file protein_16.pdb (PDB, C-alpha atoms)
ATOM      1  CA  MET A   1     -22.229  51.565  57.549
ATOM      2  CA  THR A   2     -22.068  52.743  54.051
ATOM      3  CA  GLN A   3     -24.892  52.350  51.639
ATOM      4  CA  PRO A   4     -24.338  50.466  48.395
ATOM      5  CA  PRO A   5     -24.277  52.664  45.343
ATOM      6  CA  ALA A   6     -27.559  53.338  43.621
ATOM      7  CA  GLY A   7     -28.763  50.889  41.001
ATOM      8  CA  GLY A   8     -27.559  47.760  42.857
ATOM      9  CA  ASP A   9     -23.937  48.071  41.774
ATOM     10  CA  THR A  10     -21.986  46.361  44.495
ATOM     11  CA  GLY A  11     -18.651  46.477  42.771
ATOM     12  CA  THR A  12     -15.855  48.644  43.989
ATOM     13  CA  PRO A  13     -13.518  50.655  41.871
ATOM     14  CA  GLY A  14     -10.715  48.410  40.744
ATOM     15  CA  ASP A  15     -12.898  45.283  41.177
ATOM     16  CA  PRO A  16     -11.674  42.717  38.646
ATOM     17  CA  ASN A  17     -15.251  41.790  37.692
ATOM     18  CA  PRO A  18     -17.214  45.024  37.654
ATOM     19  CA  LEU A  19     -20.513  44.134  36.046
ATOM     20  CA  PRO A  20     -22.993  46.756  35.058
ATOM     21  CA  PRO A  21     -26.388  46.334  36.616
ATOM     22  CA  PRO A  22     -28.933  44.508  34.516
ATOM     23  CA  THR A  23     -31.144  46.814  32.487
ATOM     24  CA  GLY A  24     -34.883  46.612  32.536
ATOM     25  CA  GLY A  25     -34.937  45.186  35.999
ATOM     26  CA  ALA A  26     -37.680  46.140  38.432
ATOM     27  CA  PRO A  27     -36.829  48.132  41.519
ATOM     28  CA  PRO A  28     -36.673  46.133  44.696
ATOM     29  CA  GLY A  29     -40.048  45.393  46.175
ATOM     30  CA  SER A  30     -41.979  45.842  42.929
ATOM     31  CA  ALA A  31     -43.659  43.167  40.817
ATOM     32  CA  PRO A  32     -41.519  41.490  38.172
ATOM     33  CA  ALA A  33     -41.758  42.985  34.712
ATOM     34  CA  ALA A  34     -43.600  41.039  32.049
ATOM     35  CA  GLY A  35     -41.701  39.627  29.059
ATOM     36  CA  PRO A  36     -38.518  37.672  28.533
ATOM     37  CA  PRO A  37     -35.533  38.177  30.743
ATOM     38  CA  PRO A  38     -32.915  40.529  29.425
ATOM     39  CA  ALA A  39     -30.405  39.006  27.015
ATOM     40  CA  TYR A  40     -26.796  39.038  28.065
ATOM     41  CA  PRO A  41     -24.116  38.637  25.500
ATOM     42  CA  SER A  42     -22.617  35.186  25.864
ATOM     43  CA  GLU A  43     -19.109  34.079  25.074
ATOM     44  CA  PRO A  44     -18.812  32.742  21.554
ATOM     45  CA  GLN A  45     -18.763  28.937  21.433
ATOM     46  CA  PRO A  46     -15.380  27.584  20.421
ATOM     47  CA  ARG A  47     -15.748  26.704  16.781
ATOM     48  CA  ARG A  48     -14.586  23.265  15.777
ATOM     49  CA  ARG A  49     -12.152  23.709  13.052
ATOM     50  CA  PRO A  50     -12.412  21.435  10.050
ATOM     51  CA  ALA A  51      -8.630  21.084  10.044
ATOM     52  CA  VAL A  52      -8.702  19.468  13.491
ATOM     53  CA  LEU A  53     -11.425  17.085  12.345
ATOM     54  CA  ILE A  54      -9.526  16.199   9.170
ATOM     55  CA  VAL A  55      -6.281  15.643  11.064
ATOM     56  CA  SER A  56      -8.122  13.443  13.564
ATOM     57  CA  LEU A  57      -9.663  11.366  10.766
ATOM     58  CA  VAL A  58      -6.321  11.012   8.983
ATOM     59  CA  LEU A  59      -4.632   9.999  12.225
ATOM     60  CA  ALA A  60      -7.353   7.427  12.965
ATOM     61  CA  ALA A  61      -7.058   6.047   9.412
ATOM     62  CA  ALA A  62      -3.276   5.835   9.750
ATOM     63  CA  VAL A  63      -3.573   3.959  13.031
ATOM     64  CA  LEU A  64      -6.084   1.562  11.488
ATOM     65  CA  LEU A  65      -3.978   1.021   8.384
ATOM     66  CA  CYS A  66      -0.774   0.561  10.307
ATOM     67  CA  GLY A  67      -2.425  -1.719  12.835
ATOM     68  CA  GLY A  68      -4.408  -3.593  10.185
ATOM     69  CA  GLY A  69      -1.530  -3.567   7.722
ATOM     70  CA  GLY A  70       0.870  -4.685  10.422
ATOM     71  CA  THR A  71      -1.460  -7.503  11.369
ATOM     72  CA  ALA A  72      -1.901  -8.502   7.731
ATOM     73  CA  ALA A  73       1.851  -8.412   7.198
ATOM     74  CA  PHE A  74       2.378 -10.528  10.296
ATOM     75  CA  LEU A  75      -0.165 -13.075   9.131
ATOM     76  CA  ALA A  76       1.245 -13.146   5.615
ATOM     77  CA  LEU A  77       4.897 -13.266   6.561
ATOM     78  CA  ARG A  78       4.808 -15.377   9.666
ATOM     79  CA  ASP A  79       6.046 -18.899   9.434
ATOM     80  CA  SER A  80       2.876 -20.631   8.414
ATOM     81  CA  GLU A  81       4.385 -24.097   8.308
ATOM     82  CA  ASP A  82       2.566 -26.805  10.233
ATOM     83  CA  GLY A  83       5.565 -28.289  12.024
ATOM     84  CA  GLN A  84       9.070 -27.452  13.034
ATOM     85  CA  GLY A  85      10.886 -28.297   9.815
ATOM     86  CA  ALA A  86      14.278 -29.968   9.703
ATOM     87  CA  LYS A  87      17.314 -28.642  11.545
ATOM     88  CA  GLU A  88      19.504 -28.728   8.421
ATOM     89  CA  PRO A  89      18.756 -28.565   4.669
ATOM     90  CA  GLN A  90      20.136 -32.045   3.966
ATOM     91  CA  VAL A  91      18.014 -33.494   6.809
ATOM     92  CA  ALA A  92      14.858 -32.124   5.133
ATOM     93  CA  VAL A  93      15.873 -33.706   1.812
ATOM     94  CA  ASP A  94      16.772 -37.030   3.447
ATOM     95  CA  GLY A  95      13.411 -37.159   5.268
ATOM     96  CA  PHE A  96      11.566 -36.393   2.028
ATOM     97  CA  LEU A  97      13.465 -39.125   0.141
ATOM     98  CA  LYS A  98      12.783 -41.709   2.866
ATOM     99  CA  ALA A  99       9.067 -40.894   2.859
ATOM    100  CA  VAL A 100       8.810 -41.155  -0.954
ATOM    101  CA  TYR A 101      11.201 -43.999  -1.847
ATOM    102  CA  GLN A 102      11.356 -46.215   1.223
ATOM    103  CA  GLU A 103       8.105 -45.713   3.102
ATOM    104  CA  ARG A 104       6.079 -44.656   0.041
ATOM    105  CA  ASP A 105       3.914 -42.452   2.244
ATOM    106  CA  ALA A 106       2.645 -39.251   0.584
ATOM    107  CA  GLU A 107       1.447 -37.797   3.880
ATOM    108  CA  LYS A 108       4.886 -38.184   5.486
ATOM    109  CA  ALA A 109       6.540 -36.743   2.375
ATOM    110  CA  ALA A 110       4.249 -33.710   2.527
ATOM    111  CA  ALA A 111       5.453 -33.093   6.096
ATOM    112  CA  PHE A 112       8.868 -32.132   4.614
ATOM    113  CA  VAL A 113       7.490 -29.823   1.895
ATOM    114  CA  CYS A 114       7.025 -26.079   2.405
ATOM    115  CA  SER A 115       3.433 -24.865   2.465
ATOM    116  CA  ALA A 116       3.892 -22.717  -0.677
ATOM    117  CA  ALA A 117       4.820 -25.782  -2.744
ATOM    118  CA  ARG A 118       2.783 -28.414  -0.938
ATOM    119  CA  ASP A 119       0.469 -30.041  -3.473
ATOM    120  CA  ASP A 120      -0.908 -33.262  -1.998
ATOM    121  CA  GLU A 121      -2.010 -34.499  -5.419
ATOM    122  CA  LYS A 122       1.454 -34.112  -6.984
ATOM    123  CA  ILE A 123       3.130 -35.725  -3.998
ATOM    124  CA  ALA A 124       0.673 -38.658  -4.121
ATOM    125  CA  THR A 125       1.364 -39.000  -7.871
ATOM    126  CA  LYS A 126       5.123 -39.218  -7.254
ATOM    127  CA  VAL A 127       4.636 -41.809  -4.509
ATOM    128  CA  ALA A 128       2.333 -43.827  -6.827
ATOM    129  CA  GLU A 129       5.021 -43.659  -9.539
ATOM    130  CA  VAL A 130       7.611 -45.098  -7.151
ATOM    131  CA  GLN A 131       5.095 -47.765  -6.071
ATOM    132  CA  LYS A 132       4.650 -48.694  -9.738
ATOM    133  CA  TYR A 133       8.416 -49.218 -10.110
ATOM    134  CA  VAL A 134       8.385 -51.396  -7.022
ATOM    135  CA  GLY A 135       5.693 -53.610  -8.631
ATOM    136  CA  GLN A 136       7.682 -53.994 -11.891
ATOM    137  CA  TYR A 137      10.978 -55.188 -10.386
ATOM    138  CA  GLN A 138      12.103 -57.969  -8.063
ATOM    139  CA  ASN A 139      12.524 -56.616  -4.552
ATOM    140  CA  PRO A 140      13.806 -53.131  -5.456
ATOM    141  CA  ARG A 141      15.707 -51.160  -2.841
ATOM    142  CA  PHE A 142      16.330 -47.442  -2.909
ATOM    143  CA  ARG A 143      19.384 -45.886  -1.313
ATOM    144  CA  TRP A 144      21.349 -42.664  -1.468
ATOM    145  CA  PRO A 145      24.331 -41.168   0.283
ATOM    146  CA  THR A 146      23.772 -38.266   2.654
ATOM    147  CA  PRO A 147      22.448 -35.379   0.534
ATOM    148  CA  THR A 148      24.986 -32.633  -0.200
ATOM    149  CA  VAL A 149      24.425 -28.920   0.294
ATOM    150  CA  ASP A 150      25.739 -27.391  -2.954
ATOM    151  CA  ASN A 151      24.949 -23.766  -2.142
ATOM    152  CA  GLN A 152      23.482 -22.016   0.882
ATOM    153  CA  THR A 153      22.758 -18.303   1.173
ATOM    154  CA  GLY A 154      20.821 -17.197   4.233
ATOM    155  CA  ASP A 155      17.459 -18.955   4.307
ATOM    156  CA  ARG A 156      17.815 -20.769   0.967
ATOM    157  CA  ALA A 157      19.891 -23.796   0.010
ATOM    158  CA  THR A 158      20.400 -26.033  -2.991
ATOM    159  CA  VAL A 159      20.841 -29.687  -2.064
ATOM    160  CA  SER A 160      21.669 -32.598  -4.373
ATOM    161  CA  ALA A 161      21.192 -36.326  -3.933
ATOM    162  CA  ARG A 162      21.743 -39.354  -6.159
ATOM    163  CA  VAL A 163      19.077 -42.030  -5.652
ATOM    164  CA  THR A 164      20.076 -45.539  -6.633
ATOM    165  CA  MET A 165      17.610 -48.390  -7.140
ATOM    166  CA  THR A 166      18.942 -51.932  -7.043
ATOM    167  CA  THR A 167      16.895 -55.097  -7.540
ATOM    168  CA  ALA A 168      17.288 -58.693  -6.423
ATOM    169  CA  ASP A 169      18.252 -59.690  -9.990
ATOM    170  CA  GLU A 170      21.095 -57.099  -9.920
ATOM    171  CA  LYS A 171      19.544 -54.389 -12.016
ATOM    172  CA  VAL A 172      20.661 -50.877 -11.109
ATOM    173  CA  ALA A 173      19.221 -47.475 -11.943
ATOM    174  CA  GLU A 174      20.330 -44.046 -10.739
ATOM    175  CA  GLN A 175      18.657 -40.677 -10.681
ATOM    176  CA  ALA A 176      20.334 -37.366  -9.778
ATOM    177  CA  LEU A 177      17.999 -34.979  -7.982
ATOM    178  CA  ARG A 178      18.445 -31.326  -7.037
ATOM    179  CA  PHE A 179      16.330 -29.758  -4.299
ATOM    180  CA  THR A 180      15.644 -26.153  -3.361
ATOM    181  CA  VAL A 181      15.235 -25.967   0.394
ATOM    182  CA  VAL A 182      14.128 -22.893   2.377
ATOM    183  CA  ARG A 183      14.232 -22.068   6.067
ATOM    184  CA  LYS A 184      11.148 -20.767   7.885
ATOM    185  CA  THR A 185      10.414 -22.540  11.176
ATOM    186  CA  GLY A 186      13.018 -25.039  10.028
ATOM    187  CA  TRP A 187      14.217 -26.326   6.649
ATOM    188  CA  TRP A 188      11.572 -27.320   4.071
ATOM    189  CA  VAL A 189      11.801 -28.812   0.585
ATOM    190  CA  CYS A 190      10.211 -26.358  -1.857
ATOM    191  CA  GLU A 191      11.314 -27.627  -5.264
ATOM    192  CA  VAL A 192      12.597 -30.866  -6.745
ATOM    193  CA  GLY A 193      14.359 -30.920 -10.095
TER     194      GLY A 193
END
call {"tool": "encode", "arguments": {"input": "protein_16.pdb", "output": "C-alpha cells"}}
result
Amino acid sequence: MTQPPAGGDTGTPGDPNPLPPPTGGAPPGSAPAAGPPPAYPSEPQPRRRPAVLIVSLVLAAAVLLCGGGGTAAFLALRDSEDGQGAKEPQVAVDGFLKAVYQERDAEKAAAFVCSAARDDEKIATKVAEVQKYVGQYQNPRFRWPTPTVDNQTGDRATVSARVTMTTADEKVAEQALRFTVVRKTGWWVCEVG
C-alpha cells in the first residue's frame, strides 16, 4: 500500500478538485488548537441587481393595471341594462308609447329606456302629464301607426312615430315624436324629441 502524501493531501495529480490542506490545523493525535477555525474564502453571493427588481415591479404593475383596467373596462362597457331590451328599434318605441299613453305606467315605460337616460322622475312627470290630458277630455284614446325606422347605423337608430289623441266628442290632436334608440342587450329608447 502506498502512504498518502504528507500534510493530509489526498488528492492525486489531475484531480478535478485538488484542495490544499487547511492551514493552522493540528497534527493528527494532538489537541485541537485554541481560537476560531480557519477562514476559507467563500463564493461571492449573487448580487441582486436593481434592474431585475425594477423590471419585476414594472411587470407586476403592468399585470395589475391590465387586469384591473380590463376589469374596469368590462364593468364600464358591459351591457348594464336590467332586461333584454326589444328585438327591433320600432318595438322598443312602441312598447314605450304603450306604457306612457295607454297604460300610463311610469315603471313599465322605464323598462324600455336605456340606463344612461333613465330618469324615473322625468318619466313619471311625462306619465302624469298624459294623465292630466286624460282628465281634461271625454274618454281620450291614443293611437299611432307602427313606428318607422328613419335611419339605422350599427347600434343606433332614429325612429319616428305620430301619436294621435281622439276624444268621444270628436276632438283630435296629433304629436310627431322622434326617438333615438340604441342597441346593447337589445334595443332601448335613449332620447325622445
call {"tool": "residues_around", "arguments": {"input": "protein_16.pdb", "residues": "stretch 174-181 of chain A", "least_positions_apart": "3", "cutoff": "7 Å", "atoms": "all atoms listed in the file", "output": "VMD selection string"}}
result
chain A and resid 89 156 to 165 187 to 193
call {"tool": "atom_distance", "arguments": {"input": "protein_16.pdb", "atom1": "atom CA of A:Leu97", "atom2": "atom CA of A:Glu170"}}
result
22.0 Å
call {"tool": "atom_distance", "arguments": {"input": "protein_16.pdb", "atom1": "atom CA of A:Lys87", "atom2": "atom CA of A:Val182"}}
result
11.3 Å
call {"tool": "closest_residue", "arguments": {"input": "protein_16.pdb", "among": "A:Thr153, A:Ser115, A:Thr167, A:Thr146", "to": "A:Tyr133", "atoms": "only C-alpha atoms"}}
result
A:Thr167
call {"tool": "closest_residue", "arguments": {"input": "protein_16.pdb", "among": "A:Gln84, A:Pro140, A:Thr125, A:Val93", "to": "A:Glu107", "atoms": "all atoms listed in the file"}}
result
A:Thr125
call {"tool": "residues_around", "arguments": {"input": "protein_16.pdb", "residues": "A:Ala106", "least_positions_apart": "3", "cutoff": "6 Å", "atoms": "only C-alpha atoms", "output": "PyMOL selection string"}}
result
chain A and resi 109+123-124
call {"tool": "closest_residue", "arguments": {"input": "protein_16.pdb", "among": "A:Tyr101, A:Phe96, A:Ala173, A:Arg183", "to": "A:Val134", "atoms": "all atoms listed in the file"}}
result
A:Tyr101
call {"tool": "decode", "arguments": {"input": "protein_16.pdb", "residues": "stretch 93-157 of chain A", "atoms": "C-alpha atoms", "output": "PDB file, in the first residue's frame"}}
result
ATOM      1  CA  VAL A  93     -90.540  52.697 -29.244  1.00  0.00           C
ATOM      2  CA  ASP A  94     -93.948  51.005 -29.486  1.00  0.00           C
ATOM      3  CA  GLY A  95     -93.550  49.475 -26.004  1.00  0.00           C
ATOM      4  CA  PHE A  96     -92.540  52.856 -24.575  1.00  0.00           C
ATOM      5  CA  LEU A  97     -95.544  54.588 -26.189  1.00  0.00           C
ATOM      6  CA  LYS A  98     -97.972  51.942 -24.895  1.00  0.00           C
ATOM      7  CA  ALA A  99     -96.602  52.258 -21.361  1.00  0.00           C
ATOM      8  CA  VAL A 100     -96.853  56.080 -21.388  1.00  0.00           C
ATOM      9  CA  TYR A 101    -100.036  56.781 -23.385  1.00  0.00           C
ATOM     10  CA  GLN A 102    -102.223  53.719 -22.943  1.00  0.00           C
ATOM     11  CA  GLU A 103    -101.217  52.118 -19.660  1.00  0.00           C
ATOM     12  CA  ARG A 104     -99.891  55.334 -18.083  1.00  0.00           C
ATOM     13  CA  ASP A 105     -97.365  53.312 -16.101  1.00  0.00           C
ATOM     14  CA  ALA A 106     -94.023  55.059 -15.477  1.00  0.00           C
ATOM     15  CA  GLU A 107     -92.375  51.870 -14.242  1.00  0.00           C
ATOM     16  CA  LYS A 108     -93.266  49.981 -17.435  1.00  0.00           C
ATOM     17  CA  ALA A 109     -92.120  52.936 -19.544  1.00  0.00           C
ATOM     18  CA  ALA A 110     -88.773  52.964 -17.736  1.00  0.00           C
ATOM     19  CA  ALA A 111     -88.316  49.303 -18.715  1.00  0.00           C
ATOM     20  CA  PHE A 112     -87.897  50.488 -22.349  1.00  0.00           C
ATOM     21  CA  VAL A 113     -85.429  53.304 -21.572  1.00  0.00           C
ATOM     22  CA  CYS A 114     -81.653  52.818 -21.640  1.00  0.00           C
ATOM     23  CA  SER A 115     -79.907  53.056 -18.281  1.00  0.00           C
ATOM     24  CA  ALA A 116     -77.881  56.139 -19.324  1.00  0.00           C
ATOM     25  CA  ALA A 117     -81.069  58.134 -19.946  1.00  0.00           C
ATOM     26  CA  ARG A 118     -83.345  56.517 -17.388  1.00  0.00           C
ATOM     27  CA  ASP A 119     -84.624  59.245 -15.075  1.00  0.00           C
ATOM     28  CA  ASP A 120     -87.585  57.906 -13.105  1.00  0.00           C
ATOM     29  CA  GLU A 121     -88.670  61.413 -12.120  1.00  0.00           C
ATOM     30  CA  LYS A 122     -88.827  62.678 -15.721  1.00  0.00           C
ATOM     31  CA  ILE A 123     -90.650  59.569 -16.875  1.00  0.00           C
ATOM     32  CA  ALA A 124     -93.177  59.912 -14.021  1.00  0.00           C
ATOM     33  CA  THR A 125     -93.653  63.591 -14.964  1.00  0.00           C
ATOM     34  CA  LYS A 126     -94.433  62.660 -18.581  1.00  0.00           C
ATOM     35  CA  VAL A 127     -96.896  59.978 -17.477  1.00  0.00           C
ATOM     36  CA  ALA A 128     -98.561  62.491 -15.097  1.00  0.00           C
ATOM     37  CA  GLU A 129     -98.827  64.965 -17.997  1.00  0.00           C
ATOM     38  CA  VAL A 130    -100.622  62.374 -20.128  1.00  0.00           C
ATOM     39  CA  GLN A 131    -102.866  61.521 -17.155  1.00  0.00           C
ATOM     40  CA  LYS A 132    -103.748  65.216 -16.884  1.00  0.00           C
ATOM     41  CA  TYR A 133    -104.841  65.272 -20.544  1.00  0.00           C
ATOM     42  CA  VAL A 134    -106.962  62.207 -19.923  1.00  0.00           C
ATOM     43  CA  GLY A 135    -108.756  64.048 -17.070  1.00  0.00           C
ATOM     44  CA  GLN A 136    -109.465  67.129 -19.244  1.00  0.00           C
ATOM     45  CA  TYR A 137    -111.133  65.357 -22.183  1.00  0.00           C
ATOM     46  CA  GLN A 138    -114.033  62.959 -22.672  1.00  0.00           C
ATOM     47  CA  ASN A 139    -112.729  59.420 -22.997  1.00  0.00           C
ATOM     48  CA  PRO A 140    -109.487  60.197 -24.866  1.00  0.00           C
ATOM     49  CA  ARG A 141    -107.805  57.423 -26.818  1.00  0.00           C
ATOM     50  CA  PHE A 142    -104.226  57.422 -28.003  1.00  0.00           C
ATOM     51  CA  ARG A 143    -103.138  55.566 -31.112  1.00  0.00           C
ATOM     52  CA  TRP A 144    -100.253  55.542 -33.550  1.00  0.00           C
ATOM     53  CA  PRO A 145     -99.212  53.539 -36.567  1.00  0.00           C
ATOM     54  CA  THR A 146     -96.240  51.211 -36.259  1.00  0.00           C
ATOM     55  CA  PRO A 147     -93.203  53.422 -35.572  1.00  0.00           C
ATOM     56  CA  THR A 148     -90.881  53.927 -38.550  1.00  0.00           C
ATOM     57  CA  VAL A 149     -87.122  53.467 -38.520  1.00  0.00           C
ATOM     58  CA  ASP A 150     -85.838  56.585 -40.320  1.00  0.00           C
ATOM     59  CA  ASN A 151     -82.127  55.827 -40.025  1.00  0.00           C
ATOM     60  CA  GLN A 152     -80.149  52.930 -38.592  1.00  0.00           C
ATOM     61  CA  THR A 153     -76.368  52.685 -38.419  1.00  0.00           C
ATOM     62  CA  GLY A 154     -74.954  49.794 -36.422  1.00  0.00           C
ATOM     63  CA  ASP A 155     -76.181  50.012 -32.838  1.00  0.00           C
ATOM     64  CA  ARG A 156     -78.055  53.318 -33.194  1.00  0.00           C
ATOM     65  CA  ALA A 157     -81.371  54.109 -34.859  1.00  0.00           C
TER      66      ALA A 157
END
